[in-house]
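The data block below is run_4.pdb; it holds PDB, C-alpha atoms and all ligand atoms.
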```pdb
ATOM      1  CA  MET A   1     -24.531   3.989  11.810  1.00  0.00           C
ATOM      2  CA  GLU A   2     -23.205   6.666   9.498  1.00  0.00           C
ATOM      3  CA  CYS A   3     -19.798   7.781   8.332  1.00  0.00           C
ATOM      4  CA  SER A   4     -18.708  10.832  10.300  1.00  0.00           C
ATOM      5  CA  LYS A   5     -17.102  12.283   7.189  1.00  0.00           C
ATOM      6  CA  CYS A   6     -19.360  11.719   4.185  1.00  0.00           C
ATOM      7  CA  LYS A   7     -22.478  10.748   6.191  1.00  0.00           C
ATOM      8  CA  VAL A   8     -23.118   7.662   4.110  1.00  0.00           C
ATOM      9  CA  ALA A   9     -24.936   4.847   5.894  1.00  0.00           C
ATOM     10  CA  ILE A  10     -22.526   2.064   6.882  1.00  0.00           C
ATOM     11  CA  LEU A  11     -23.587  -1.553   7.109  1.00  0.00           C
ATOM     12  CA  ASN A  12     -22.940  -3.238  10.400  1.00  0.00           C
ATOM     13  CA  GLY A  13     -19.418  -4.607  10.429  1.00  0.00           C
ATOM     14  CA  ASP A  14     -18.246  -2.440   7.535  1.00  0.00           C
ATOM     15  CA  GLU A  15     -17.409   0.558   9.686  1.00  0.00           C
ATOM     16  CA  ARG A  16     -13.785   1.581  10.197  1.00  0.00           C
ATOM     17  CA  GLU A  17     -12.481   3.497  13.133  1.00  0.00           C
ATOM     18  CA  HIS A  18      -9.867   6.190  12.760  1.00  0.00           C
ATOM     19  CA  LYS A  19      -8.886   8.495  15.598  1.00  0.00           C
ATOM     20  CA  ARG A  20     -12.112   7.645  17.406  1.00  0.00           C
ATOM     21  CA  LYS A  21     -14.223   8.532  14.407  1.00  0.00           C
ATOM     22  CA  ILE A  22     -16.406   6.064  12.583  1.00  0.00           C
ATOM     23  CA  LEU A  23     -15.692   6.110   8.866  1.00  0.00           C
ATOM     24  CA  CYS A  24     -16.924   4.185   5.850  1.00  0.00           C
ATOM     25  CA  GLU A  25     -14.295   2.169   4.023  1.00  0.00           C
ATOM     26  CA  ASP A  26     -13.838   4.773   1.279  1.00  0.00           C
ATOM     27  CA  CYS A  27     -13.235   7.604   3.728  1.00  0.00           C
ATOM     28  CA  TYR A  28     -10.989   5.395   5.803  1.00  0.00           C
ATOM     29  CA  ILE A  29      -8.758   4.670   2.820  1.00  0.00           C
ATOM     30  CA  ASP A  30      -8.970   8.336   1.897  1.00  0.00           C
ATOM     31  CA  VAL A  31      -7.833   9.435   5.341  1.00  0.00           C
ATOM     32  CA  LEU A  32      -4.908   7.058   5.243  1.00  0.00           C
ATOM     33  CA  SER A  33      -3.795   8.024   1.735  1.00  0.00           C
ATOM     34  CA  PRO A  34      -1.426   8.807   0.210  1.00  0.00           C
ATOM     35  CA  ALA A  35       0.061   5.392   0.664  1.00  0.00           C
ATOM     36  CA  LYS A  36       2.998   5.308   3.011  1.00  0.00           C
ATOM     37  CA  PHE A  37       5.672   2.771   3.573  1.00  0.00           C
ATOM     38  CA  CYS A  38       5.058   0.610   6.595  1.00  0.00           C
ATOM     39  CA  ASP A  39       1.518   1.811   6.972  1.00  0.00           C
ATOM     40  CA  PRO A  40      -0.360   0.026   9.722  1.00  0.00           C
ATOM     41  CA  TRP A  41      -3.392  -0.682   7.578  1.00  0.00           C
ATOM     42  CA  ALA A  42      -1.412  -2.700   5.036  1.00  0.00           C
ATOM     43  CA  ASP A  43      -2.300  -5.983   6.663  1.00  0.00           C
ATOM     44  CA  TYR A  44      -5.953  -5.171   6.750  1.00  0.00           C
ATOM     45  CA  ALA A  45      -5.898  -3.926   3.169  1.00  0.00           C
ATOM     46  CA  ALA A  46      -3.885  -6.922   1.999  1.00  0.00           C
ATOM     47  CA  LYS A  47      -6.532  -9.303   3.213  1.00  0.00           C
ATOM     48  CA  SER A  48      -9.459  -7.571   1.604  1.00  0.00           C
ATOM     49  CA  PHE A  49      -7.445  -6.843  -1.525  1.00  0.00           C
ATOM     50  CA  VAL A  50      -6.432 -10.446  -2.066  1.00  0.00           C
ATOM     51  CA  GLU A  51      -9.937 -11.660  -1.313  1.00  0.00           C
ATOM     52  CA  LYS A  52     -11.377  -9.333  -3.899  1.00  0.00           C
ATOM     53  CA  ASN A  53      -8.634  -9.828  -6.504  1.00  0.00           C
ATOM     54  CA  SER A  54      -7.582 -13.428  -6.618  1.00  0.00           C
ATOM     55  CA  ASN A  55      -6.248 -13.116 -10.171  1.00  0.00           C
ATOM     56  CA  ILE A  56      -3.899 -10.199  -9.872  1.00  0.00           C
ATOM     57  CA  ALA A  57      -2.121  -8.865 -12.899  1.00  0.00           C
ATOM     58  CA  PHE A  58       0.698  -6.496 -12.136  1.00  0.00           C
ATOM     59  CA  SER A  59       0.676  -3.057 -13.647  1.00  0.00           C
ATOM     60  CA  ASP A  60       3.611  -1.996 -15.804  1.00  0.00           C
ATOM     61  CA  ASN A  61       5.017   0.081 -12.945  1.00  0.00           C
ATOM     62  CA  GLN A  62       4.710  -2.824 -10.540  1.00  0.00           C
ATOM     63  CA  SER A  63       6.461  -5.132 -12.987  1.00  0.00           C
ATOM     64  CA  ILE A  64       9.334  -2.661 -13.227  1.00  0.00           C
ATOM     65  CA  ILE A  65       9.648  -2.488  -9.451  1.00  0.00           C
ATOM     66  CA  ILE A  66       9.616  -6.275  -9.157  1.00  0.00           C
ATOM     67  CA  LYS A  67      12.325  -6.473 -11.817  1.00  0.00           C
ATOM     68  CA  VAL A  68      14.572  -4.044  -9.909  1.00  0.00           C
ATOM     69  CA  LEU A  69      14.017  -5.879  -6.634  1.00  0.00           C
ATOM     70  CA  LYS A  70      14.881  -9.174  -8.332  1.00  0.00           C
ATOM     71  CA  GLU A  71      18.070  -7.660  -9.636  1.00  0.00           C
ATOM     72  CA  TYR A  72      19.210  -5.960  -6.449  1.00  0.00           C
ATOM     73  CA  GLY A  73      17.658  -8.049  -3.714  1.00  0.00           C
ATOM     74  CA  GLU A  74      17.231  -5.599  -0.864  1.00  0.00           C
ATOM     75  CA  VAL A  75      16.697  -1.979  -1.797  1.00  0.00           C
ATOM     76  CA  GLU A  76      16.007   1.166   0.158  1.00  0.00           C
ATOM     77  CA  PRO A  77      12.985   3.096  -1.165  1.00  0.00           C
ATOM     78  CA  ILE A  78      15.112   6.125  -1.936  1.00  0.00           C
ATOM     79  CA  ILE A  79      17.454   4.011  -4.052  1.00  0.00           C
ATOM     80  CA  LEU A  80      14.583   2.272  -5.776  1.00  0.00           C
ATOM     81  CA  ILE A  81      12.988   5.606  -6.585  1.00  0.00           C
ATOM     82  CA  ASP A  82      16.300   6.840  -7.918  1.00  0.00           C
ATOM     83  CA  LYS A  83      16.680   3.802 -10.164  1.00  0.00           C
ATOM     84  CA  LEU A  84      13.166   4.273 -11.475  1.00  0.00           C
ATOM     85  CA  LYS A  85      13.255   8.030 -11.816  1.00  0.00           C
ATOM     86  CA  ASP A  86      13.205   7.944 -15.605  1.00  0.00           C
ATOM     87  CA  GLN A  87      10.190   5.663 -15.623  1.00  0.00           C
ATOM     88  CA  ILE A  88       8.114   6.252 -12.498  1.00  0.00           C
ATOM     89  CA  SER A  89       7.610   9.331 -10.336  1.00  0.00           C
ATOM     90  CA  ALA A  90       8.544   9.017  -6.664  1.00  0.00           C
ATOM     91  CA  GLU A  91       4.905   9.344  -5.747  1.00  0.00           C
ATOM     92  CA  ASP A  92       3.827   6.564  -8.097  1.00  0.00           C
ATOM     93  CA  GLY A  93       6.731   4.405  -6.991  1.00  0.00           C
ATOM     94  CA  GLU A  94       5.705   4.741  -3.388  1.00  0.00           C
ATOM     95  CA  ARG A  95       2.105   3.960  -4.203  1.00  0.00           C
ATOM     96  CA  GLU A  96       3.053   0.928  -6.293  1.00  0.00           C
ATOM     97  CA  CYS A  97       5.322  -0.390  -3.545  1.00  0.00           C
ATOM     98  CA  ALA A  98       2.522  -0.027  -1.038  1.00  0.00           C
ATOM     99  CA  ALA A  99       0.227  -1.874  -3.443  1.00  0.00           C
ATOM    100  CA  LEU A 100       2.765  -4.660  -3.922  1.00  0.00           C
ATOM    101  CA  HIS A 101       3.131  -4.858  -0.169  1.00  0.00           C
ATOM    102  CA  ARG A 102      -0.615  -5.199   0.220  1.00  0.00           C
ATOM    103  CA  MET A 103      -0.626  -7.986  -2.367  1.00  0.00           C
ATOM    104  CA  GLY A 104       1.974  -9.792  -0.304  1.00  0.00           C
ATOM    105  CA  LYS A 105       4.535  -9.586  -3.111  1.00  0.00           C
ATOM    106  CA  ILE A 106       7.182  -7.612  -1.262  1.00  0.00           C
ATOM    107  CA  THR A 107       8.155  -7.084   2.334  1.00  0.00           C
ATOM    108  CA  ILE A 108       8.899  -3.705   3.839  1.00  0.00           C
ATOM    109  CA  GLU A 109      11.203  -3.881   6.826  1.00  0.00           C
ATOM    110  CA  ASN A 110      12.241  -1.170   9.195  1.00  0.00           C
ATOM    111  CA  ASN A 111      15.779  -1.763  10.447  1.00  0.00           C
ATOM    112  CA  ASP A 112      16.398   0.937  13.031  1.00  0.00           C
ATOM    113  CA  GLY A 113      14.759   3.541  10.866  1.00  0.00           C
ATOM    114  CA  LYS A 114      16.250   2.251   7.630  1.00  0.00           C
ATOM    115  CA  ILE A 115      13.485   1.024   5.353  1.00  0.00           C
ATOM    116  CA  ILE A 116      14.313  -2.005   3.238  1.00  0.00           C
ATOM    117  CA  LEU A 117      12.194  -3.346   0.415  1.00  0.00           C
ATOM    118  CA  LYS A 118      12.557  -6.876  -0.845  1.00  0.00           C
ATOM    119  CA  LEU A 119      10.637  -9.517  -2.726  1.00  0.00           C
ATOM    120  CA  LYS A 120       8.892 -12.142  -0.669  1.00  0.00           C
TER     121      LYS A 120
HETATM  122 ZN    ZN B   1     -17.441   8.093   4.358  1.00  0.00          ZN
END
```
Could you take the file, read its structure, and then write that structure out as structure tokens?
Amino acid sequence: MECSKCKVAILNGDEREHKRKILCEDCYIDVLSPAKFCDPWADYAAKSFVEKNSNIAFSDNQSIIIKVLKEYGEVEPIILIDKLKDQISAEDGERECAALHRMGKITIENNDGKIILKLK
């Protein structure tokens, strides 16, 4: 089996399917990036991420986000990004939140189209 994008050989069981195309894991993550809130692959990524990184140290940006969430409880992404605008770009903030979500540190809820971030 080979990746339909980069043509690398994929080991049995390591293939990912995206829009009916077989992709290797790297291309799959690539296709799904940049990280989005409430992305459907978060659960999958969370599992493999935690398995591969049992001793997780938070990055500085992640620590800042956790601090804000601790302080405010539930926060909309747009508000979080606004609070962090002097320290983290919106793009980085979104990526870090997605990473924290994958680690199982925060939850991302969709309440009738309103996205809410909070610590688990
Ligand atoms: Zn590939």
- prompt: Interatomic distance between atom CA of A:Asn61 and atom CA of A:Lys105?
  reply: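 Computed distance, atom CA of A:Asn61 to atom CA of A:Lys105, equals 13.8 Å.
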Near-A:Ile64 list (12 Å; all atoms listed in the file; drop same-chain fewer than 3 positions) as a tab-separated table (two decimals) with C-alpha atoms, in the coordinates of the input:
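part-v1.tsv, written as the output of this step:
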```
chain	number	residue	atom	x	y	z
A	58	PHE	CA	0.70	-6.50	-12.14
A	59	SER	CA	0.68	-3.06	-13.65
A	60	ASP	CA	3.61	-2.00	-15.80
A	61	ASN	CA	5.02	0.08	-12.94
A	67	LYS	CA	12.32	-6.47	-11.82
A	68	VAL	CA	14.57	-4.04	-9.91
A	69	LEU	CA	14.02	-5.88	-6.63
A	70	LYS	CA	14.88	-9.17	-8.33
A	71	GLU	CA	18.07	-7.66	-9.64
A	80	LEU	CA	14.58	2.27	-5.78
A	81	ILE	CA	12.99	5.61	-6.58
A	83	LYS	CA	16.68	3.80	-10.16
A	84	LEU	CA	13.17	4.27	-11.48
A	85	LYS	CA	13.26	8.03	-11.82
A	86	ASP	CA	13.20	7.94	-15.60
A	87	GLN	CA	10.19	5.66	-15.62
A	88	ILE	CA	8.11	6.25	-12.50
A	92	ASP	CA	3.83	6.56	-8.10
A	93	GLY	CA	6.73	4.40	-6.99
A	96	GLU	CA	3.05	0.93	-6.29
A	97	CYS	CA	5.32	-0.39	-3.54
A	100	LEU	CA	2.76	-4.66	-3.92
```
message: If the PyMOL selection byres (((not hetatm)) within 10 of (chain B and resi 1)) were run on this exact file, what residues would it hold? Put them as a list of chain:residue names.
response: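 Expected selection for the PyMOL selection byres (((not hetatm)) within 10 of (chain B and resi 1)) here is A:Glu2, A:Cys3, A:Ser4, A:Lys5, A:Cys6, A:Lys7, A:Val8, A:Ala9, A:Ile10, A:Glu15, A:Arg16, A:Ile22, A:Leu23, A:Cys24, A:Glu25, A:Asp26, A:Cys27, A:Tyr28, A:Ile29, A:Asp30, A:Val31.
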Write out the residues from the selection above, keeping C-alpha atoms, as a PDB file, keeping the file's coordinate frame.
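part_13.pdb written:
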```pdb
ATOM      1  CA  GLU A   2     -23.205   6.666   9.498  1.00  0.00           C
ATOM      2  CA  CYS A   3     -19.798   7.781   8.332  1.00  0.00           C
ATOM      3  CA  SER A   4     -18.708  10.832  10.300  1.00  0.00           C
ATOM      4  CA  LYS A   5     -17.102  12.283   7.189  1.00  0.00           C
ATOM      5  CA  CYS A   6     -19.360  11.719   4.185  1.00  0.00           C
ATOM      6  CA  LYS A   7     -22.478  10.748   6.191  1.00  0.00           C
ATOM      7  CA  VAL A   8     -23.118   7.662   4.110  1.00  0.00           C
ATOM      8  CA  ALA A   9     -24.936   4.847   5.894  1.00  0.00           C
ATOM      9  CA  ILE A  10     -22.526   2.064   6.882  1.00  0.00           C
ATOM     10  CA  GLU A  15     -17.409   0.558   9.686  1.00  0.00           C
ATOM     11  CA  ARG A  16     -13.785   1.581  10.197  1.00  0.00           C
ATOM     12  CA  ILE A  22     -16.406   6.064  12.583  1.00  0.00           C
ATOM     13  CA  LEU A  23     -15.692   6.110   8.866  1.00  0.00           C
ATOM     14  CA  CYS A  24     -16.924   4.185   5.850  1.00  0.00           C
ATOM     15  CA  GLU A  25     -14.295   2.169   4.023  1.00  0.00           C
ATOM     16  CA  ASP A  26     -13.838   4.773   1.279  1.00  0.00           C
ATOM     17  CA  CYS A  27     -13.235   7.604   3.728  1.00  0.00           C
ATOM     18  CA  TYR A  28     -10.989   5.395   5.803  1.00  0.00           C
ATOM     19  CA  ILE A  29      -8.758   4.670   2.820  1.00  0.00           C
ATOM     20  CA  ASP A  30      -8.970   8.336   1.897  1.00  0.00           C
ATOM     21  CA  VAL A  31      -7.833   9.435   5.341  1.00  0.00           C
TER      22      VAL A  31
END
```
- request: Skip stretch 107-120 of chain A itself and residues of its chain fewer than 2 positions away, then list as a list in words all residues within 8 Å of it, counting all atoms listed in the file.
  value: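 Using all atoms listed in the file, the neighbours found are Phe37, Cys38, Ile66, Leu69, Lys70, Gly73, Glu74, Val75, Glu76, Pro77, His101, Gly104 and Lys105 of chain A.
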field: Between atom CA of A:Leu32 and atom CA of A:His18, distance in Å (one decimal)
entry: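 Atom CA of A:Leu32 sits 9.0 Å away from atom CA of A:His18.
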field: Point-to-point distance from atom CA of A:Met1 to atom CA of A:Lys19, Å rounded to tenths
entry: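 Distance reported for this atom pair: 16.7 Å.
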